[in-house]
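J.: Dropping in run_4.txt, which is compact mmCIF, N, CA, C and O atoms:
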# COMPACT_ATOMS: atom_id res chain seq x y z
N MET T 941 51.35 137.38 84.36
CA MET T 941 51.79 137.41 82.98
C MET T 941 52.05 138.83 82.49
O MET T 941 52.87 139.03 81.61
N ALA T 942 51.36 139.82 83.03
CA ALA T 942 51.56 141.19 82.58
C ALA T 942 53.00 141.64 82.81
O ALA T 942 53.50 142.48 82.09
N GLN T 943 53.67 141.09 83.79
CA GLN T 943 55.04 141.47 84.07
C GLN T 943 55.99 140.98 82.99
O GLN T 943 57.07 141.52 82.82
N VAL T 944 55.62 139.94 82.28
CA VAL T 944 56.47 139.37 81.24
C VAL T 944 56.28 140.13 79.92
O VAL T 944 57.24 140.40 79.22
N ARG T 945 55.05 140.49 79.62
CA ARG T 945 54.74 141.15 78.35
C ARG T 945 55.57 142.42 78.19
O ARG T 945 55.60 143.26 79.06
N GLY T 946 56.26 142.51 77.07
CA GLY T 946 57.06 143.69 76.77
C GLY T 946 58.45 143.70 77.40
O GLY T 946 59.24 144.59 77.13
N SER T 947 58.75 142.70 78.23
CA SER T 947 60.09 142.64 78.83
C SER T 947 61.08 142.04 77.83
O SER T 947 60.69 141.38 76.87
N THR T 948 62.35 142.31 78.07
CA THR T 948 63.40 141.74 77.23
C THR T 948 64.10 140.66 78.02
O THR T 948 64.58 140.90 79.13
N VAL T 949 64.15 139.47 77.44
CA VAL T 949 64.72 138.30 78.10
C VAL T 949 65.87 137.76 77.25
O VAL T 949 65.66 137.41 76.09
N VAL T 950 67.05 137.69 77.83
CA VAL T 950 68.21 137.10 77.18
C VAL T 950 68.33 135.66 77.68
O VAL T 950 68.27 135.42 78.89
N ILE T 951 68.48 134.72 76.76
CA ILE T 951 68.59 133.31 77.13
C ILE T 951 69.82 132.72 76.46
O ILE T 951 69.90 132.66 75.23
N THR T 952 70.80 132.29 77.26
CA THR T 952 71.95 131.58 76.71
C THR T 952 71.57 130.10 76.62
O THR T 952 70.71 129.62 77.35
N GLY T 953 72.21 129.40 75.73
CA GLY T 953 71.88 127.98 75.54
C GLY T 953 70.51 127.81 74.92
O GLY T 953 69.81 126.83 75.18
N ALA T 954 70.11 128.76 74.08
CA ALA T 954 68.75 128.79 73.54
C ALA T 954 68.54 127.95 72.30
O ALA T 954 67.45 127.94 71.75
N SER T 955 69.55 127.22 71.87
CA SER T 955 69.40 126.44 70.64
C SER T 955 68.73 125.09 70.87
O SER T 955 68.28 124.46 69.92
N SER T 956 68.65 124.65 72.12
CA SER T 956 68.04 123.34 72.37
C SER T 956 67.59 123.23 73.83
O SER T 956 67.89 124.10 74.65
N GLY T 957 66.88 122.17 74.11
CA GLY T 957 66.51 121.83 75.48
C GLY T 957 65.74 122.90 76.23
O GLY T 957 64.85 123.55 75.69
N ILE T 958 66.11 123.09 77.48
CA ILE T 958 65.42 124.03 78.36
C ILE T 958 65.51 125.46 77.82
O ILE T 958 64.53 126.22 77.88
N GLY T 959 66.65 125.85 77.29
CA GLY T 959 66.80 127.20 76.76
C GLY T 959 65.86 127.47 75.60
O GLY T 959 65.22 128.53 75.54
N ARG T 960 65.75 126.53 74.72
CA ARG T 960 64.83 126.68 73.58
C ARG T 960 63.39 126.72 74.05
O ARG T 960 62.60 127.56 73.61
N ALA T 961 63.03 125.83 74.96
CA ALA T 961 61.67 125.81 75.51
C ALA T 961 61.36 127.12 76.23
O ALA T 961 60.25 127.65 76.11
N ALA T 962 62.32 127.65 76.97
CA ALA T 962 62.12 128.92 77.67
C ALA T 962 61.90 130.04 76.67
O ALA T 962 61.05 130.92 76.89
N ALA T 963 62.64 130.03 75.58
CA ALA T 963 62.47 131.07 74.55
C ALA T 963 61.05 131.06 74.01
O ALA T 963 60.41 132.12 73.90
N TYR T 964 60.54 129.88 73.68
CA TYR T 964 59.17 129.78 73.17
C TYR T 964 58.16 130.24 74.23
O TYR T 964 57.21 130.95 73.93
N ALA T 965 58.38 129.84 75.47
CA ALA T 965 57.45 130.18 76.55
C ALA T 965 57.42 131.69 76.81
O ALA T 965 56.34 132.28 76.94
N PHE T 966 58.58 132.31 76.91
CA PHE T 966 58.62 133.76 77.13
C PHE T 966 58.01 134.51 75.95
O PHE T 966 57.25 135.47 76.14
N ALA T 967 58.34 134.09 74.74
CA ALA T 967 57.80 134.75 73.55
C ALA T 967 56.28 134.62 73.49
O ALA T 967 55.58 135.57 73.14
N ALA T 968 55.76 133.46 73.84
CA ALA T 968 54.32 133.24 73.83
C ALA T 968 53.60 134.14 74.81
O ALA T 968 52.41 134.45 74.63
N ARG T 969 54.31 134.59 75.83
CA ARG T 969 53.72 135.47 76.84
C ARG T 969 54.03 136.94 76.58
O ARG T 969 53.81 137.79 77.42
N GLY T 970 54.57 137.22 75.40
CA GLY T 970 54.76 138.59 74.98
C GLY T 970 56.12 139.21 75.27
O GLY T 970 56.31 140.40 75.05
N ALA T 971 57.07 138.42 75.74
CA ALA T 971 58.42 138.95 75.96
C ALA T 971 59.15 139.04 74.63
O ALA T 971 58.89 138.29 73.69
N ARG T 972 60.10 139.96 74.58
CA ARG T 972 61.03 140.05 73.46
C ARG T 972 62.24 139.22 73.86
O ARG T 972 62.81 139.45 74.93
N VAL T 973 62.59 138.24 73.05
CA VAL T 973 63.65 137.33 73.45
C VAL T 973 64.91 137.51 72.60
O VAL T 973 64.85 137.73 71.40
N VAL T 974 66.04 137.44 73.30
CA VAL T 974 67.35 137.49 72.67
C VAL T 974 67.98 136.13 72.89
O VAL T 974 68.21 135.73 74.04
N LEU T 975 68.22 135.41 71.82
CA LEU T 975 68.67 134.03 71.90
C LEU T 975 70.16 133.95 71.64
O LEU T 975 70.67 134.51 70.67
N ALA T 976 70.85 133.24 72.52
CA ALA T 976 72.30 133.09 72.39
C ALA T 976 72.68 131.62 72.50
O ALA T 976 72.14 130.89 73.32
N ALA T 977 73.58 131.22 71.64
CA ALA T 977 74.19 129.89 71.65
C ALA T 977 75.27 129.92 70.57
O ALA T 977 75.40 130.91 69.84
N ARG T 978 76.04 128.86 70.47
CA ARG T 978 77.10 128.84 69.46
C ARG T 978 76.57 128.51 68.08
O ARG T 978 77.15 128.93 67.09
N ARG T 979 75.48 127.78 67.98
CA ARG T 979 74.98 127.30 66.69
C ARG T 979 74.03 128.31 66.04
O ARG T 979 72.82 128.28 66.26
N ALA T 980 74.59 129.20 65.25
CA ALA T 980 73.81 130.29 64.64
C ALA T 980 72.66 129.77 63.78
O ALA T 980 71.56 130.33 63.81
N ASP T 981 72.90 128.69 63.04
CA ASP T 981 71.86 128.18 62.14
C ASP T 981 70.64 127.71 62.93
O ASP T 981 69.50 127.96 62.53
N VAL T 982 70.86 127.07 64.06
CA VAL T 982 69.74 126.60 64.87
C VAL T 982 69.04 127.78 65.53
O VAL T 982 67.81 127.83 65.60
N LEU T 983 69.80 128.76 66.00
CA LEU T 983 69.19 129.96 66.58
C LEU T 983 68.30 130.65 65.56
O LEU T 983 67.20 131.12 65.90
N ASP T 984 68.76 130.72 64.32
CA ASP T 984 67.96 131.35 63.27
C ASP T 984 66.63 130.64 63.08
O ASP T 984 65.60 131.28 62.85
N ASP T 985 66.63 129.31 63.19
CA ASP T 985 65.39 128.55 63.09
C ASP T 985 64.43 128.91 64.22
O ASP T 985 63.23 129.08 64.01
N VAL T 986 64.96 129.02 65.44
CA VAL T 986 64.12 129.36 66.59
C VAL T 986 63.56 130.77 66.44
O VAL T 986 62.37 131.00 66.67
N VAL T 987 64.40 131.71 66.02
CA VAL T 987 63.94 133.09 65.80
C VAL T 987 62.82 133.10 64.76
O VAL T 987 61.78 133.75 64.95
N ARG T 988 63.00 132.39 63.68
CA ARG T 988 61.99 132.34 62.62
C ARG T 988 60.66 131.79 63.15
O ARG T 988 59.59 132.35 62.89
N GLU T 989 60.73 130.73 63.94
CA GLU T 989 59.50 130.14 64.49
C GLU T 989 58.80 131.11 65.44
O GLU T 989 57.57 131.23 65.42
N ILE T 990 59.57 131.82 66.26
CA ILE T 990 58.97 132.79 67.18
C ILE T 990 58.34 133.93 66.40
O ILE T 990 57.21 134.34 66.67
N ARG T 991 59.04 134.44 65.41
CA ARG T 991 58.50 135.55 64.61
C ARG T 991 57.27 135.12 63.82
O ARG T 991 56.32 135.88 63.68
N ASP T 992 57.30 133.89 63.30
CA ASP T 992 56.14 133.38 62.57
C ASP T 992 54.91 133.31 63.47
O ASP T 992 53.78 133.41 62.99
N GLY T 993 55.14 133.12 64.77
CA GLY T 993 54.04 133.09 65.73
C GLY T 993 53.67 134.46 66.26
O GLY T 993 52.85 134.59 67.18
N GLY T 994 54.27 135.51 65.69
CA GLY T 994 53.93 136.87 66.09
C GLY T 994 54.81 137.45 67.18
O GLY T 994 54.58 138.56 67.65
N GLY T 995 55.85 136.72 67.59
CA GLY T 995 56.73 137.19 68.65
C GLY T 995 57.89 138.01 68.14
O GLY T 995 58.13 138.11 66.93
N ALA T 996 58.61 138.60 69.08
CA ALA T 996 59.79 139.39 68.77
C ALA T 996 61.02 138.65 69.27
O ALA T 996 61.10 138.30 70.45
N ALA T 997 61.96 138.40 68.37
CA ALA T 997 63.16 137.65 68.75
C ALA T 997 64.32 138.02 67.84
O ALA T 997 64.12 138.34 66.67
N ILE T 998 65.51 137.96 68.42
CA ILE T 998 66.74 138.08 67.64
C ILE T 998 67.71 137.02 68.13
O ILE T 998 67.59 136.54 69.26
N ALA T 999 68.65 136.69 67.28
CA ALA T 999 69.70 135.74 67.65
C ALA T 999 71.04 136.47 67.65
O ALA T 999 71.32 137.26 66.76
N ILE T 1000 71.81 136.20 68.68
CA ILE T 1000 73.18 136.70 68.74
C ILE T 1000 74.08 135.51 69.06
O ILE T 1000 74.16 135.09 70.22
N PRO T 1001 74.67 134.90 68.03
CA PRO T 1001 75.54 133.75 68.29
C PRO T 1001 76.63 134.12 69.29
O PRO T 1001 77.29 135.15 69.15
N THR T 1002 76.77 133.29 70.33
CA THR T 1002 77.67 133.61 71.44
C THR T 1002 78.27 132.35 72.01
O THR T 1002 77.56 131.38 72.27
N ASP T 1003 79.57 132.38 72.24
CA ASP T 1003 80.25 131.34 73.00
C ASP T 1003 80.46 131.91 74.40
O ASP T 1003 81.23 132.85 74.58
N VAL T 1004 79.73 131.40 75.38
CA VAL T 1004 79.78 131.99 76.72
C VAL T 1004 81.11 131.79 77.43
O VAL T 1004 81.33 132.36 78.49
N THR T 1005 82.02 131.02 76.85
CA THR T 1005 83.36 130.91 77.43
C THR T 1005 84.26 132.07 77.01
O THR T 1005 85.38 132.19 77.49
N ASP T 1006 83.75 132.92 76.12
CA ASP T 1006 84.49 134.08 75.62
C ASP T 1006 83.89 135.34 76.24
O ASP T 1006 82.78 135.76 75.88
N THR T 1007 84.61 135.94 77.17
CA THR T 1007 84.12 137.12 77.89
C THR T 1007 83.70 138.24 76.95
O THR T 1007 82.65 138.86 77.13
N ASP T 1008 84.51 138.51 75.94
CA ASP T 1008 84.18 139.57 75.00
C ASP T 1008 82.87 139.27 74.26
O ASP T 1008 82.08 140.19 73.99
N ALA T 1009 82.63 138.01 73.94
CA ALA T 1009 81.40 137.62 73.25
C ALA T 1009 80.19 137.83 74.15
O ALA T 1009 79.13 138.25 73.68
N VAL T 1010 80.33 137.57 75.44
CA VAL T 1010 79.22 137.78 76.38
C VAL T 1010 78.93 139.27 76.53
O VAL T 1010 77.76 139.69 76.57
N PHE T 1011 79.97 140.09 76.59
CA PHE T 1011 79.75 141.54 76.62
C PHE T 1011 79.05 142.01 75.35
O PHE T 1011 78.15 142.86 75.40
N ALA T 1012 79.45 141.46 74.21
CA ALA T 1012 78.81 141.82 72.94
C ALA T 1012 77.34 141.39 72.93
O ALA T 1012 76.48 142.11 72.40
N LEU T 1013 77.05 140.25 73.53
CA LEU T 1013 75.66 139.79 73.66
C LEU T 1013 74.84 140.79 74.46
O LEU T 1013 73.76 141.20 74.05
N ALA T 1014 75.37 141.20 75.60
CA ALA T 1014 74.66 142.16 76.45
C ALA T 1014 74.43 143.48 75.71
O ALA T 1014 73.33 144.04 75.74
N GLU T 1015 75.47 143.96 75.06
CA GLU T 1015 75.35 145.22 74.32
C GLU T 1015 74.35 145.10 73.18
O GLU T 1015 73.53 146.00 72.96
N GLY T 1016 74.41 144.00 72.46
CA GLY T 1016 73.49 143.79 71.34
C GLY T 1016 72.05 143.68 71.79
O GLY T 1016 71.14 144.23 71.16
N ALA T 1017 71.83 142.97 72.88
CA ALA T 1017 70.47 142.81 73.42
C ALA T 1017 69.92 144.15 73.89
O ALA T 1017 68.78 144.51 73.59
N ALA T 1018 70.73 144.88 74.63
CA ALA T 1018 70.29 146.18 75.16
C ALA T 1018 69.99 147.16 74.03
O ALA T 1018 69.02 147.93 74.08
N ARG T 1019 70.80 147.12 73.00
CA ARG T 1019 70.62 148.02 71.85
C ARG T 1019 69.36 147.64 71.06
O ARG T 1019 68.59 148.51 70.65
N ALA T 1020 69.13 146.35 70.88
CA ALA T 1020 68.00 145.89 70.06
C ALA T 1020 66.66 146.20 70.70
O ALA T 1020 65.70 146.55 70.01
N PHE T 1021 66.59 146.05 72.02
CA PHE T 1021 65.30 146.18 72.69
C PHE T 1021 65.32 147.19 73.84
O PHE T 1021 64.52 147.10 74.77
N ASP T 1022 66.23 148.13 73.79
CA ASP T 1022 66.28 149.22 74.79
C ASP T 1022 66.43 148.72 76.22
O ASP T 1022 65.73 149.19 77.13
N GLY T 1023 67.32 147.78 76.44
CA GLY T 1023 67.59 147.30 77.79
C GLY T 1023 67.39 145.81 77.93
O GLY T 1023 66.97 145.14 76.99
N ILE T 1024 67.69 145.33 79.11
CA ILE T 1024 67.54 143.90 79.44
C ILE T 1024 66.80 143.82 80.77
O ILE T 1024 67.19 144.47 81.74
N ASP T 1025 65.75 143.02 80.82
CA ASP T 1025 64.99 142.84 82.06
C ASP T 1025 65.32 141.54 82.77
O ASP T 1025 65.32 141.49 84.00
N VAL T 1026 65.57 140.48 82.00
CA VAL T 1026 65.84 139.16 82.56
C VAL T 1026 66.98 138.53 81.77
O VAL T 1026 67.02 138.63 80.55
N TRP T 1027 67.89 137.89 82.51
CA TRP T 1027 69.00 137.18 81.87
C TRP T 1027 68.99 135.76 82.41
O TRP T 1027 69.13 135.55 83.62
N ILE T 1028 68.86 134.78 81.53
CA ILE T 1028 68.84 133.38 81.94
C ILE T 1028 70.11 132.71 81.42
O ILE T 1028 70.28 132.55 80.21
N ASN T 1029 70.99 132.35 82.34
CA ASN T 1029 72.22 131.63 81.97
C ASN T 1029 71.89 130.14 81.94
O ASN T 1029 71.82 129.48 82.96
N ASN T 1030 71.70 129.63 80.75
CA ASN T 1030 71.31 128.25 80.58
C ASN T 1030 72.34 127.45 79.79
O ASN T 1030 72.20 126.25 79.64
N ALA T 1031 73.36 128.10 79.28
CA ALA T 1031 74.35 127.40 78.46
C ALA T 1031 75.14 126.42 79.32
O ALA T 1031 75.46 126.70 80.47
N GLY T 1032 75.42 125.29 78.75
CA GLY T 1032 76.21 124.30 79.47
C GLY T 1032 76.34 123.03 78.68
O GLY T 1032 75.78 122.89 77.60
N ALA T 1033 77.07 122.12 79.23
CA ALA T 1033 77.25 120.81 78.60
C ALA T 1033 77.05 119.75 79.67
O ALA T 1033 77.39 119.96 80.83
N GLY T 1034 76.48 118.68 79.26
CA GLY T 1034 76.25 117.59 80.21
C GLY T 1034 76.92 116.31 79.75
O GLY T 1034 77.14 116.11 78.56
N VAL T 1035 77.26 115.50 80.69
CA VAL T 1035 77.85 114.21 80.38
C VAL T 1035 76.95 113.14 80.99
O VAL T 1035 76.59 113.20 82.16
N PHE T 1036 76.57 112.19 80.16
CA PHE T 1036 75.70 111.12 80.64
C PHE T 1036 76.47 109.83 80.79
O PHE T 1036 77.32 109.53 80.02
Could you express the structure from this file as structure tokens?
T.:
Amino acid sequence: MAQVRGSTVVITGASSGIGRAAAYAFAARGARVVLAARRADVLDDVVREIRDGGGAAIAIPTDVTDTDAVFALAEGAARAFDGIDVWINNAGAGVF
């Protein structure tokens, strides 16, 4: 767990499902999390919940199909927390 504490973790698809659960899990272990997804309002809710629990989090609304938006995500994350240690590409869509 010491390796996670203080690290910066970027998570795409962080507004729901596995991405959201990963955000809570990393934050609970002391990571600074950068949350990305298209739904800014939902990301803001997740950030608020993490911060209310004493964690560090920011939201950067991102459409991962837009290359410029992904570069902006990386730049914003690195600027906010002085670098990126882990990047989790979790964004996607499923068909049932």
J.: Which of these, T:Ala1009, T:Ser955, T:Ala961, T:Val950, has the shortest distance to Ile1028 of chain T once you count all atoms listed in the file?
T.: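 Looking only at the distances to Ile1028 of chain T, the closest residue turns out to be T:Val950.
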J.: Pick out the closest residue to Ala977 of chain T from this set: T:Ala997, T:Ala1031, T:Ala1020, T:Val1026. Count only N, CA, C and O atoms.
T.: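 With only N, CA, C and O atoms as the atom set, the closest residue is T:Ala1031.
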J.: As JSON, numbers by chain, please: the residues near Val974 of chain T (cut-off 5 Å, all atoms listed in the file, same-chain neighbours under 5 positions excluded).
T.: {"T": [949, 950, 951, 998]}
J.: Nearest residue to Asp984 of chain T out of T:Pro1001, T:Phe1021, T:Asp1008, T:Arg972, using only C-alpha atoms?
T.: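 Answer, going by the shortest atom-to-atom distance: T:Pro1001.
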J.: Tell me which of T:Ala962, T:Val944, T:Ala999, T:Leu1013 sits closest to Val987 of chain T, counting only N, CA, C and O atoms.
T.: T:Ala999
J.: Just the number, please: distance in Å from atom C of Glu1015 of chain T to atom O of Ile1000 of chain T, one decimal.
T.: 10.4 Å
J.: If you run DSSP over the backbone, which residues in chain T end up strand (DSSP E)? Put them as a PyMOL selection string.
T.: chain T and resi 948-952+972-976+996-999+1026-1028
J.: Taking into account all atoms listed in the file, which residue in the set T:Thr1002, T:Asn1030, T:Ser947, T:Thr1007 is nearest to Arg969 of chain T?
T.: T:Ser947
J.: Atom CA of Thr952 of chain T to atom CA of Asn1029 of chain T: how many Å, to one decimal?
T.: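 These two atoms are separated by 5.3 Å.
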J.: In Å to one decimal, how far is atom CA of Asp1025 of chain T from atom C of Arg945 of chain T?
T.: 10.2 Å
J.: Reconstruct segment 1001-1012 of chain T at the level of all heavy atoms, and format the result as an mmCIF file, keeping the file's coordinate frame.
T.:
data_model
loop_
_atom_site.group_PDB
_atom_site.id
_atom_site.type_symbol
_atom_site.label_atom_id
_atom_site.label_comp_id
_atom_site.auth_asym_id
_atom_site.auth_seq_id
_atom_site.Cartn_x
_atom_site.Cartn_y
_atom_site.Cartn_z
ATOM 1 N N PRO T 1001 74.670 134.900 68.030
ATOM 2 C CA PRO T 1001 75.540 133.750 68.290
ATOM 3 C C PRO T 1001 76.630 134.120 69.290
ATOM 4 O O PRO T 1001 77.290 135.150 69.150
ATOM 5 C CB PRO T 1001 76.120 133.427 66.919
ATOM 6 C CG PRO T 1001 75.103 133.958 65.960
ATOM 7 C CD PRO T 1001 74.579 135.209 66.614
ATOM 8 N N THR T 1002 76.770 133.290 70.330
ATOM 9 C CA THR T 1002 77.670 133.610 71.440
ATOM 10 C C THR T 1002 78.270 132.350 72.010
ATOM 11 O O THR T 1002 77.560 131.380 72.270
ATOM 12 C CB THR T 1002 76.892 134.331 72.570
ATOM 13 O OG1 THR T 1002 76.210 135.460 72.034
ATOM 14 C CG2 THR T 1002 77.809 134.767 73.687
ATOM 15 N N ASP T 1003 79.570 132.380 72.240
ATOM 16 C CA ASP T 1003 80.250 131.340 73.000
ATOM 17 C C ASP T 1003 80.460 131.910 74.400
ATOM 18 O O ASP T 1003 81.230 132.850 74.580
ATOM 19 C CB ASP T 1003 81.587 131.002 72.351
ATOM 20 C CG ASP T 1003 82.361 129.916 73.078
ATOM 21 O OD1 ASP T 1003 82.013 129.593 74.249
ATOM 22 O OD2 ASP T 1003 83.319 129.400 72.491
ATOM 23 N N VAL T 1004 79.730 131.400 75.380
ATOM 24 C CA VAL T 1004 79.780 131.990 76.720
ATOM 25 C C VAL T 1004 81.110 131.790 77.430
ATOM 26 O O VAL T 1004 81.330 132.360 78.490
ATOM 27 C CB VAL T 1004 78.620 131.490 77.623
ATOM 28 C CG1 VAL T 1004 77.277 131.897 77.038
ATOM 29 C CG2 VAL T 1004 78.707 129.996 77.865
ATOM 30 N N THR T 1005 82.020 131.020 76.850
ATOM 31 C CA THR T 1005 83.360 130.910 77.430
ATOM 32 C C THR T 1005 84.260 132.070 77.010
ATOM 33 O O THR T 1005 85.380 132.190 77.490
ATOM 34 C CB THR T 1005 84.041 129.574 77.054
ATOM 35 O OG1 THR T 1005 84.287 129.544 75.641
ATOM 36 C CG2 THR T 1005 83.175 128.379 77.455
ATOM 37 N N ASP T 1006 83.750 132.920 76.120
ATOM 38 C CA ASP T 1006 84.490 134.080 75.620
ATOM 39 C C ASP T 1006 83.890 135.340 76.240
ATOM 40 O O ASP T 1006 82.780 135.760 75.880
ATOM 41 C CB ASP T 1006 84.372 134.106 74.095
ATOM 42 C CG ASP T 1006 85.063 135.294 73.446
ATOM 43 O OD1 ASP T 1006 85.408 136.281 74.143
ATOM 44 O OD2 ASP T 1006 85.230 135.253 72.213
ATOM 45 N N THR T 1007 84.610 135.940 77.170
ATOM 46 C CA THR T 1007 84.120 137.120 77.890
ATOM 47 C C THR T 1007 83.700 138.240 76.950
ATOM 48 O O THR T 1007 82.650 138.860 77.130
ATOM 49 C CB THR T 1007 85.189 137.631 78.878
ATOM 50 O OG1 THR T 1007 85.536 136.561 79.749
ATOM 51 C CG2 THR T 1007 84.687 138.803 79.688
ATOM 52 N N ASP T 1008 84.510 138.510 75.940
ATOM 53 C CA ASP T 1008 84.180 139.570 75.000
ATOM 54 C C ASP T 1008 82.870 139.270 74.260
ATOM 55 O O ASP T 1008 82.080 140.190 73.990
ATOM 56 C CB ASP T 1008 85.302 139.789 73.990
ATOM 57 C CG ASP T 1008 86.552 140.382 74.631
ATOM 58 O OD1 ASP T 1008 86.434 141.047 75.682
ATOM 59 O OD2 ASP T 1008 87.648 140.166 74.080
ATOM 60 N N ALA T 1009 82.630 138.010 73.940
ATOM 61 C CA ALA T 1009 81.400 137.620 73.250
ATOM 62 C C ALA T 1009 80.190 137.830 74.150
ATOM 63 O O ALA T 1009 79.130 138.250 73.680
ATOM 64 C CB ALA T 1009 81.478 136.162 72.800
ATOM 65 N N VAL T 1010 80.330 137.570 75.440
ATOM 66 C CA VAL T 1010 79.220 137.780 76.380
ATOM 67 C C VAL T 1010 78.930 139.270 76.530
ATOM 68 O O VAL T 1010 77.760 139.690 76.570
ATOM 69 C CB VAL T 1010 79.497 137.101 77.737
ATOM 70 C CG1 VAL T 1010 78.395 137.430 78.738
ATOM 71 C CG2 VAL T 1010 79.627 135.590 77.560
ATOM 72 N N PHE T 1011 79.970 140.090 76.590
ATOM 73 C CA PHE T 1011 79.750 141.540 76.620
ATOM 74 C C PHE T 1011 79.050 142.010 75.350
ATOM 75 O O PHE T 1011 78.150 142.860 75.400
ATOM 76 C CB PHE T 1011 81.066 142.298 76.831
ATOM 77 C CG PHE T 1011 81.482 142.377 78.260
ATOM 78 C CD1 PHE T 1011 82.591 141.670 78.709
ATOM 79 C CD2 PHE T 1011 80.775 143.149 79.175
ATOM 80 C CE1 PHE T 1011 82.984 141.736 80.035
ATOM 81 C CE2 PHE T 1011 81.164 143.227 80.507
ATOM 82 C CZ PHE T 1011 82.273 142.515 80.937
ATOM 83 N N ALA T 1012 79.450 141.460 74.210
ATOM 84 C CA ALA T 1012 78.810 141.820 72.940
ATOM 85 C C ALA T 1012 77.340 141.390 72.930
ATOM 86 O O ALA T 1012 76.480 142.110 72.400
ATOM 87 C CB ALA T 1012 79.569 141.199 71.774
#
